[in-house]
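Student: Dropping a structure here in structure tokens format, bear with me for questions.
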Amino acid sequence: MNRARVVGTGAAVPKKVLSNADLEKLVETSDEWITTRTGIKERRIVSEGEKFSDLCTKASEIALKRSHVKPEDLDMILVGTISSDMLFPATSCLVQHNLGATKAAASDVSAACVGFLYGLHLADGLIQSNKAENVLVVGGEILSRFVDWTDRSTCVLFGDGAGAVVLQATKGDHGILGSRMKSNGAYADFICMPGGGSNRPANDPTQVEEKLPYIKMKGNETFKVAVKAMADVTSELLNEQGFTHEQIDLFIPHQANERIINAVGEKLKIAPSKVYKNIERYGNTSAASIPIALDECAREGRIRVGNLVLLTAFGAGLVWGSVLLRW
Ligand code: ACO
């Protein structure tokens, strides 16, 4: 059986740092509130003219270089995002062109903060079924362009960035061991952007007045569902694959809120030292959070060959899921 193994990682974040102190000047908030409620200290935000597809391309180039896979050997490019350059064409097509990935198919995956994990899940299926040998999976977001900078309940949360991995077919025991993805559209209004789509297109002049093309979130309701959903799907995956929490070497949950990360880790009984966090520096980068964390862990030697790595995420849809891999 073919397995999809990560053979290279990369990440790219904008240079501009937006600190909690900067936000104190924009809305009625405080460093103390943001830190204790979310764990975030600062986030990276794009400057005018910076493009999402360029961030994705940069992260992908680094991942390709580390993997020694040539762009022209890629069979598929999947970009998990809800903030693509344009409604269409897909950002993955722009990345395909930028990289010179001449034979790759390309498609975006819309699963909000779970976009990267959905991408891994789909790429794994392609590799296992011999439909692809080399797949580039990117998770990225520029949510700062859709944030209402007068809404203190959301503007303090999000940051921009992109991360990428190259997956390659192998015959060994290393690679994705299993994955489970879930959805429940009954909670679609928990996190959404009501404007800019075909219901209320961007050419509708009342859009901005009514504050439609902005992120709306029922944070507290989302929080409660998120913890249980991520813990449940992760437990199901571990049981299915025949592993226990003690065997996990590194747990990387989506970086949406430090309290959510801690609660999920506790529910799963994973030792705090094995739970990776970088939310303090990046905020919630949605689909980018897990690949950015994976790249940091790989570069800093926090993941070693043979380690069991567990990933989980939750986001707008609602969607959630979990992926288990042996590095
Ligand atoms: N500064 C100061 N006070 C604030 C701020 C702020 N930035 N934001 C909200 N408050 C106030 C509220 O007005 C409220 O005041 P009140 O009690 O007088 O009404 C109080 O703080 C508590 O508000 P809550 O919303 O109940 O705060 P909570 O503890 O739930 O934290 C948060 C809010 C951080 C948003 C949290 O609910 C959360 O992280 N939710 C989950 C987010 C998530 O996981 N999203 C999924 C991924 S996102 C995606 O898919 C794109």
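Numbering starts fresh at 1 for the residues of each chain in the structure tokens, the chains themselves are lettered A, B, ... in the order given, and ligands are numbered from 1 as they appear.
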List all protein, DNA and RNA residues that have at least one atom no more than 9 Å from any atom of ligand 1, counting only C-alpha atoms and all ligand atoms, and write them as an NGL selection string.
Tutor: :A and (23-24 or 27-34 or 37-38 or 82 or 111-114 or 143 or 151-158 or 190-192 or 215 or 217-227 or 254-260 or 284-287 or 313-319)
Student: So that I can check the surroundings of Ile45 in chain A, please list as a list in words every protein, DNA and RNA residue that reaches within 9 Å of it, counting only C-alpha atoms and ignoring chain neighbours fewer than 2 positions away.
Tutor: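 Counting only C-alpha atoms, the residues come to Val13, Pro14, Lys15, Lys16, Val17, Leu18, Arg43, Ser47, Ile142, Leu143, Ser144, Phe158, Gly159, Asp160 and Gly161 of chain A.
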Student: Could the residues in this selection be written to a file with C-alpha atoms, as a compact mmCIF listing (two decimals), in the first residue's frame?
Tutor:
```
# COMPACT_ATOMS: atom_id res chain seq x y z
CA VAL A 13 4.42 35.06 7.11
CA PRO A 14 4.21 38.81 6.43
CA LYS A 15 6.90 41.04 8.00
CA LYS A 16 4.47 43.47 9.64
CA VAL A 17 3.75 42.72 13.30
CA LEU A 18 0.51 43.89 14.93
CA ARG A 43 0.06 38.54 14.89
CA SER A 47 0.77 45.31 4.04
CA ILE A 142 -5.10 36.63 4.67
CA LEU A 143 -8.08 37.10 6.96
CA SER A 144 -6.91 40.59 7.96
CA PHE A 158 -6.70 36.69 13.38
CA GLY A 159 -3.30 36.79 11.68
CA ASP A 160 -2.01 36.16 8.14
CA GLY A 161 0.37 33.52 6.79
```
Student: Please, which residues in range 80-198 of chain A fall within 10 Å of range 288-312 of chain A when counting only C-alpha atoms, and what is the closest atom pair and distance in Å to one decimal for each, ordered by chain then residue number, as CSV?
Tutor:
```
residue,atom,partner,partner_atom,distance
A:Gly80,CA,A:Ala288,CA,8.3
A:Thr81,CA,A:Ala288,CA,8.2
A:Ala112,CA,A:Ala288,CA,9.7
A:Cys113,CA,A:Ala288,CA,7.6
A:Val114,CA,A:Thr312,CA,8.1
A:Gly115,CA,A:Ala288,CA,8.4
A:Phe116,CA,A:Ala288,CA,7.1
A:Leu117,CA,A:Thr312,CA,7.7
A:Val137,CA,A:Pro291,CA,9.1
A:Val138,CA,A:Pro291,CA,7.6
A:Gly139,CA,A:Ala288,CA,4.5
A:Gly140,CA,A:Ala288,CA,4.3
A:Glu141,CA,A:Ala288,CA,6.2
A:Ile142,CA,A:Ala288,CA,9.4
A:Gly159,CA,A:Ala288,CA,9.4
A:Asp160,CA,A:Ala288,CA,7.9
A:Gly161,CA,A:Ala288,CA,5.9
A:Ala162,CA,A:Ala288,CA,4.8
A:Gly163,CA,A:Pro291,CA,4.6
A:Ala164,CA,A:Pro291,CA,5.9
A:Val165,CA,A:Pro291,CA,7.2
A:Asp173,CA,A:Gly306,CA,8.8
A:His174,CA,A:Gly306,CA,7.1
A:Gly175,CA,A:Gly306,CA,9.4
A:Ile176,CA,A:Val309,CA,9.4
A:Leu177,CA,A:Leu308,CA,9.4
A:Gly178,CA,A:Leu310,CA,10.0
A:Ser179,CA,A:Leu311,CA,9.3
A:Arg180,CA,A:Thr312,CA,9.5
A:Met181,CA,A:Thr312,CA,9.6
```
Student: Using only C-alpha atoms, which of the listed residues (A:Arg326, A:Pro213, A:Asn278, A:Ala101) sits closest to Asp249 in chain A?
Tutor: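 Nearest candidate to Asp249 in chain A out of A:Arg326, A:Pro213, A:Asn278, A:Ala101: A:Arg326.
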Student: Point out the residue among A:Ser322, A:Asn199, A:Ser83, A:Ser19 with the least atom-to-atom distance to Leu238 in chain A, counting only C-alpha atoms.
Tutor: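 The closest residue to Leu238 in chain A is A:Ser322.
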Student: Enter the distance from CA of Leu122 in chain A to CA of Asp108 in chain A, in Å, rounded to one decimal.
Tutor: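 Result for CA of Leu122 in chain A versus CA of Asp108 in chain A: 11.3 Å, one decimal.
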Student: Mind giving me the straight-line distance from CA of Ile77 in chain A to CA of Phe251 in chain A in Å, one decimal?
Tutor: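 That distance, rounded to one decimal, is 25.5 Å.
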Student: Please identify the helix (DSSP H, G or I) residues within range 55-245 of chain A (assignment by DSSP from backbone atoms) and present them as JSON, numbers by chain.
Tutor: {"A": [55, 56, 57, 58, 59, 60, 61, 62, 63, 64, 65, 66, 67, 71, 72, 73, 91, 92, 93, 94, 95, 96, 97, 98, 99, 112, 113, 114, 115, 116, 117, 118, 119, 120, 121, 122, 123, 124, 125, 126, 127, 128, 143, 144, 145, 146, 152, 153, 154, 155, 185, 186, 187, 188, 189, 190, 219, 220, 221, 222, 223, 224, 225, 226, 227, 228, 229, 230, 231, 232, 233, 234, 235, 236, 237, 238, 239, 240, 241, 245]}
Student: What's the 9 Å shell around range 123-132 of chain A, counting only C-alpha atoms, without same-chain residues fewer than 2 positions away, as a ChimeraX atom specification?
Tutor: /A:1-5,74-78,118-121,134-137,167-169,176,178-179
Student: Point out the residue among A:Pro89, A:Gly39, A:Gly8, A:Gly49 with the least atom-to-atom distance to Lys70 in chain A, counting only C-alpha atoms.
Tutor: A:Gly8
Student: Which residue out of A:Glu266, A:Glu42, A:Glu72, A:Asp85 has the minimum interatomic distance to Asp54 in chain A when only C-alpha atoms are used?
Tutor: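 Ranked by minimum distance to Asp54 in chain A, first place goes to A:Asp85.
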Student: As a ChimeraX atom specification, please: every residue in range 98-282 of chain A that DSSP puts in strand (DSSP E or B).
Tutor: /A:105-109,134-141,158,161-170,175-183,191-192,216-217,250-253,275
Student: Could you dump the residues just selected with N, CA and C atoms as a compact mmCIF listing (two decimals), in the first residue's frame?
Tutor:
```txt
# COMPACT_ATOMS: atom_id res chain seq x y z
N ALA A 105 -2.32 19.18 -11.53
CA ALA A 105 -3.70 19.65 -11.42
C ALA A 105 -3.75 20.57 -10.21
N ALA A 106 -4.75 21.45 -10.14
CA ALA A 106 -4.76 22.41 -9.03
C ALA A 106 -6.19 22.73 -8.63
N SER A 107 -6.40 22.75 -7.31
CA SER A 107 -7.73 23.08 -6.81
C SER A 107 -7.63 23.63 -5.40
N ASP A 108 -8.57 24.52 -5.03
CA ASP A 108 -8.61 25.04 -3.66
C ASP A 108 -9.58 24.21 -2.83
N VAL A 109 -9.33 24.17 -1.54
CA VAL A 109 -10.19 23.43 -0.61
C VAL A 109 -10.76 24.44 0.38
N ASN A 134 3.35 12.84 -6.16
CA ASN A 134 3.83 14.02 -5.42
C ASN A 134 2.71 15.05 -5.34
N VAL A 135 2.31 15.40 -4.12
CA VAL A 135 1.23 16.37 -3.95
C VAL A 135 1.70 17.50 -3.03
N LEU A 136 1.45 18.73 -3.46
CA LEU A 136 1.75 19.91 -2.63
C LEU A 136 0.45 20.33 -1.94
N VAL A 137 0.49 20.36 -0.60
CA VAL A 137 -0.68 20.81 0.16
C VAL A 137 -0.31 22.09 0.90
N VAL A 138 -1.07 23.14 0.62
CA VAL A 138 -0.81 24.45 1.22
C VAL A 138 -2.00 24.82 2.11
N GLY A 139 -1.73 25.46 3.22
CA GLY A 139 -2.80 26.05 4.03
C GLY A 139 -2.43 27.49 4.24
N GLY A 140 -3.31 28.40 3.87
CA GLY A 140 -2.93 29.82 4.01
C GLY A 140 -4.14 30.71 4.15
N GLU A 141 -3.86 31.92 4.61
CA GLU A 141 -4.97 32.84 4.83
C GLU A 141 -4.49 34.28 4.95
N PHE A 158 -7.24 37.30 14.59
CA PHE A 158 -6.70 36.69 13.38
C PHE A 158 -5.35 37.26 12.92
N GLY A 161 -0.80 34.37 7.03
CA GLY A 161 0.37 33.52 6.79
C GLY A 161 0.03 32.34 5.90
N ALA A 162 1.05 31.57 5.58
CA ALA A 162 0.85 30.37 4.76
C ALA A 162 1.89 29.32 5.14
N GLY A 163 1.49 28.07 5.04
CA GLY A 163 2.43 26.96 5.26
C GLY A 163 2.17 25.90 4.20
N ALA A 164 3.20 25.10 3.91
CA ALA A 164 3.05 24.10 2.84
C ALA A 164 3.80 22.83 3.19
N VAL A 165 3.31 21.71 2.69
CA VAL A 165 4.07 20.46 2.77
C VAL A 165 4.05 19.78 1.41
N VAL A 166 5.13 19.05 1.12
CA VAL A 166 5.14 18.17 -0.05
C VAL A 166 4.94 16.76 0.46
N LEU A 167 3.93 16.09 -0.09
CA LEU A 167 3.67 14.69 0.26
C LEU A 167 4.13 13.82 -0.89
N GLN A 168 4.77 12.70 -0.53
CA GLN A 168 5.28 11.81 -1.58
C GLN A 168 4.87 10.37 -1.27
N ALA A 169 4.56 9.63 -2.32
CA ALA A 169 4.18 8.22 -2.14
C ALA A 169 5.39 7.41 -1.68
N THR A 170 5.20 6.62 -0.59
CA THR A 170 6.28 5.71 -0.16
C THR A 170 5.65 4.36 0.17
N GLY A 175 4.47 8.21 7.24
CA GLY A 175 3.51 8.98 6.46
C GLY A 175 2.18 9.04 7.17
N ILE A 176 1.15 9.42 6.44
CA ILE A 176 -0.19 9.55 7.04
C ILE A 176 -0.72 8.15 7.35
N LEU A 177 -1.05 7.93 8.64
CA LEU A 177 -1.56 6.63 9.06
C LEU A 177 -3.08 6.60 8.97
N GLY A 178 -3.70 7.75 9.21
CA GLY A 178 -5.15 7.81 9.15
C GLY A 178 -5.63 9.24 9.27
N SER A 179 -6.86 9.49 8.81
CA SER A 179 -7.43 10.83 8.92
C SER A 179 -8.94 10.72 8.98
N ARG A 180 -9.57 11.65 9.68
CA ARG A 180 -11.04 11.68 9.79
C ARG A 180 -11.49 13.13 9.70
N MET A 181 -12.41 13.40 8.78
CA MET A 181 -12.93 14.76 8.62
C MET A 181 -14.43 14.74 8.86
N LYS A 182 -14.96 15.82 9.45
CA LYS A 182 -16.39 15.89 9.76
C LYS A 182 -16.95 17.26 9.39
N SER A 183 -18.29 17.35 9.33
CA SER A 183 -18.94 18.65 9.07
C SER A 183 -20.32 18.68 9.68
N ILE A 191 -19.72 30.94 12.37
CA ILE A 191 -18.60 31.73 11.82
C ILE A 191 -18.88 31.86 10.33
N CYS A 192 -19.07 33.07 9.86
CA CYS A 192 -19.34 33.22 8.42
C CYS A 192 -18.99 34.62 7.94
N LYS A 216 -18.00 37.31 10.73
CA LYS A 216 -18.91 37.37 11.89
C LYS A 216 -18.71 36.07 12.67
N MET A 217 -18.61 36.19 13.97
CA MET A 217 -18.40 34.96 14.74
C MET A 217 -19.13 34.99 16.08
N LEU A 250 3.96 14.24 19.52
CA LEU A 250 3.69 15.67 19.36
C LEU A 250 2.25 15.88 18.91
N PHE A 251 1.55 16.78 19.60
CA PHE A 251 0.16 17.09 19.28
C PHE A 251 0.11 18.55 18.82
N ILE A 252 -0.33 18.76 17.58
CA ILE A 252 -0.45 20.14 17.06
C ILE A 252 -1.92 20.42 16.77
N PRO A 253 -2.60 21.09 17.72
CA PRO A 253 -3.97 21.49 17.44
C PRO A 253 -3.99 22.84 16.73
N VAL A 275 2.14 19.24 23.69
CA VAL A 275 1.14 20.06 22.97
C VAL A 275 1.84 21.30 22.43
```
Student: Nearest to Pro71 in chain A: which of A:Lys103, A:Arg200, A:Lys58, A:Arg145 is it, counting only C-alpha atoms?
Tutor: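 Under the stated criterion, the closest residue is A:Lys103.
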Student: What is the distance between CA of Gly196 in chain A and CA of Leu87 in chain A, in Å to one decimal?
Tutor: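 So the two atoms, CA of Gly196 in chain A and CA of Leu87 in chain A, lie 8.6 Å apart.
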Student: Which one is closest to Trp327 in chain A: A:Leu94, A:Pro194, A:Ile248, A:Lys65? Count only C-alpha atoms.
Tutor: A:Ile248
